[in-house]
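Enquirer: Please read through the structure below; I'll follow up with questions.
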Amino acid sequence: MAEARAAKLRALEEALGHKFKRLELLDQALTHRSAVKAHGKVPEGYERLEFLGDRVLGLLVAEFLVHRFPREQEGELTRRHTALVRRDSLVRVARGIALGDNLRLSKGEAEAGGRKSPTLLADACEAVIAALYLDGGLEVARPFIERHWSPLIEEDETPPRDAKTALQEWAQGQRLPLPVYRTVAVEGPSHEPMFTIAVSVEGLPAAEACGRSKRAAEQAAATRLLASVKDAARG
């Protein structure tokens, strides 16, 4: 590993709260596949670490929630867990510790805005969690998760209730068929697609919204349709 790269990663260790015994793990966690293809001599990309980090994050967030909310039932804990491990939460943590500045990208990926890409930031954040786990086990990964996910947990005193669930419950309460989601368009590059989703409920005009993931677009569309329902009720 080049001396300059090692120095940059050592500086990142402070934000991570861990001094790596195997710094190459952290380097791999921040290496996008475009850099591997472009140079061939850098570590393999972060995809395998991303896979592991997703599981480590899921386990530690679940453990944290069980201890933090001893009176909540499975459904409430599940809603909290889903919100905390989704891409938006990972991106917030990644930006907070400046992972984008430390990503190893090809020149083309960097010029295309890869360092600010929500998808790349979320993937790299999961990979870094895996690197922490592989270098020091759960006892190293756990404090990182607690430190950076605790503020996200404190933002919601009650379990989050996503828009899709709220819309479904409203439709059921009105004795209507369940909402139907339809993909209207998928645009943009393959690594950063933009989805346009329409949602409809019998008897109501459909609502459309866009998002960087299908799930995000569905949530946004459901939010719009719920807003129109509330406006109609007030009018």
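We name chains A, B, ... following the order of the structure tokens; residues begin at 1 in each chain, and ligands are numbered from 1 as shown.
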Under the rule of at most 10 Å, produce a per-residue listing of range 127-195 of chain A near range 6-18 of chain A: chain, number, name, the closest pair of atoms, and the distance in Å, as a tab-separated table, using only C-alpha atoms.

Expert:
```
residue	atom	partner	partner_atom	distance
A:Val128	CA	A:Leu16	CA	8.9
A:Ile129	CA	A:Leu16	CA	9.4
A:Leu132	CA	A:His18	CA	7.7
A:Asp135	CA	A:His18	CA	9.3
A:Gly136	CA	A:His18	CA	8.7
A:Val140	CA	A:His18	CA	7.2
A:Ala141	CA	A:His18	CA	9.1
A:Pro143	CA	A:Gly17	CA	8.2
A:Phe144	CA	A:Leu16	CA	6.6
A:Ile145	CA	A:Leu16	CA	9.9
A:Arg147	CA	A:Gly17	CA	9.5
A:His148	CA	A:Leu16	CA	9.6
```

Enquirer: Which residue is closest to Glu50 in chain A? Choose from A:Glu72, A:Asp88, A:Glu109, A:Cys125 and count only C-alpha atoms.

Expert: A:Cys125

Enquirer: Mind running range 2-120 of chain A against range 216-227 of chain A at 12 Å and telling me each contacting residue's nearest atom pair with the distance in Å (one decimal), counting only C-alpha atoms, chain and number ascending, as a Markdown table?

Expert:
```
| residue | atom | partner | partner_atom | distance |
| --- | --- | --- | --- | --- |
| A:Ala83 | CA | A:Ala216 | CA | 11.7 |
| A:Arg86 | CA | A:Ala216 | CA | 10.0 |
| A:Arg87 | CA | A:Ala216 | CA | 9.4 |
| A:Asp88 | CA | A:Ala216 | CA | 9.3 |
```

Enquirer: Go ahead and write the selection's residues with C-alpha atoms as a compact mmCIF listing (two decimals), in the first residue's frame.

Expert:
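Final output, saved to out_32.txt:
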```txt
# COMPACT_ATOMS: atom_id res chain seq x y z
CA ALA A 83 -35.45 2.35 9.48
CA ARG A 86 -31.78 1.24 5.38
CA ARG A 87 -29.64 3.18 2.94
CA ASP A 88 -30.59 6.65 4.20
```

Enquirer: Near range 184-188 of chain A, within 12 Å and counting only C-alpha atoms, which residues show up once chain neighbours fewer than 2 positions away are dropped, as number ranges by chain?

Expert: A: 112, 181-182, 190-199, 206-214, 217-218, 221

Enquirer: Please return, as a PyMOL selection string, all residues of range 3-220 of chain A that DSSP assigns to helix (DSSP H, G or I) on the basis of the backbone.

Expert: chain A and resi 3-16+23-29+33-39+47-68+74-85+87-96+99-102+107-111+114-116+118-136+138-154+163-173+214-220

Enquirer: Name the residues in contact with Ala94 in chain A at a cut-off of 9 Å, using only C-alpha atoms, excluding same-chain residues fewer than 6 positions from it; report them as a short mmCIF file (atom, residue, chain, number, x, y, z; two decimals) with C-alpha atoms, in the first residue's frame.

Expert:
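Listing of result-v1.cif after writing:
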```cif
data_model
loop_
_atom_site.label_atom_id
_atom_site.label_comp_id
_atom_site.auth_asym_id
_atom_site.auth_seq_id
_atom_site.Cartn_x
_atom_site.Cartn_y
_atom_site.Cartn_z
CA GLY A 100 -16.55 9.81 0.46
CA LEU A 121 -21.53 5.79 0.41
CA ALA A 122 -24.00 3.30 1.87
CA ALA A 124 -18.80 1.58 1.64
CA CYS A 125 -20.24 2.17 5.12
#
```

Enquirer: I'd like the contact shell of Arg68 in chain A - 10 Å cut-off, only C-alpha atoms, skipping same-chain residues fewer than 6 positions apart - returned as a list in words.

Expert: Ala62, Ser150 and Ile153 of chain A

Enquirer: For the residues in that selection, give me N, CA and C atoms as a short mmCIF file (atom, residue, chain, number, x, y, z; two decimals), in the first residue's frame.

Expert:
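To be explicit, this is the file written out as out32.cif:
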```cif
data_model
loop_
_atom_site.label_atom_id
_atom_site.label_comp_id
_atom_site.auth_asym_id
_atom_site.auth_seq_id
_atom_site.Cartn_x
_atom_site.Cartn_y
_atom_site.Cartn_z
N ALA A 62 -30.07 -4.81 16.07
CA ALA A 62 -31.11 -5.59 16.76
C ALA A 62 -30.77 -5.76 18.24
N SER A 150 -26.82 5.67 17.65
CA SER A 150 -27.59 6.17 18.80
C SER A 150 -28.32 7.48 18.48
N ILE A 153 -31.42 6.75 16.57
CA ILE A 153 -32.45 6.12 17.40
C ILE A 153 -33.18 7.18 18.23
#
```

Enquirer: Mind pulling up the distance from CA of Pro177 in chain A to CA of Leu77 in chain A?

Expert: 27.5 Å

Enquirer: Among range 151-211 of chain A, which residues carry a DSSP assignment of strand (DSSP E), reported as a tab-separated table (two decimals) with C-alpha atoms, in the first residue's frame?

Expert:
```tsv
chain	number	residue	atom	x	y	z
A	180	VAL	CA	-51.06	-0.86	-6.16
A	181	TYR	CA	-47.51	0.28	-7.02
A	182	ARG	CA	-46.32	0.57	-10.62
A	183	THR	CA	-42.90	1.45	-12.02
A	184	VAL	CA	-43.37	4.31	-14.45
A	185	ALA	CA	-39.75	4.86	-15.46
A	186	VAL	CA	-36.15	4.01	-14.59
A	187	GLU	CA	-33.63	6.61	-15.72
A	194	MET	CA	-33.68	7.12	-10.63
A	195	PHE	CA	-37.01	5.35	-10.22
A	196	THR	CA	-40.42	6.90	-10.86
A	197	ILE	CA	-43.22	5.02	-9.11
A	198	ALA	CA	-46.98	5.53	-9.23
A	199	VAL	CA	-49.30	4.33	-6.47
A	200	SER	CA	-53.04	4.06	-6.78
A	207	ALA	CA	-49.71	9.77	-7.10
A	208	GLU	CA	-46.21	9.66	-8.56
A	209	ALA	CA	-42.80	10.26	-7.00
A	210	CYS	CA	-39.11	9.66	-7.74
A	211	GLY	CA	-36.33	8.12	-5.69
```

Enquirer: Write out as a PyMOL selection string each polymer residue whose atoms come within 8 Å of Leu57 in chain A, counting only C-alpha atoms; drop sequence neighbours fewer than 3 positions from it.

Expert: chain A and resi 53-54+60-61+85+126+129+145

Enquirer: Here is a test: counting only C-alpha atoms, which residue of A:Pro70, A:Gly75, A:Gly114, A:Pro160 is nearest to His32 in chain A?

Expert: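 Smallest separation from His32 in chain A among the options: A:Gly114.
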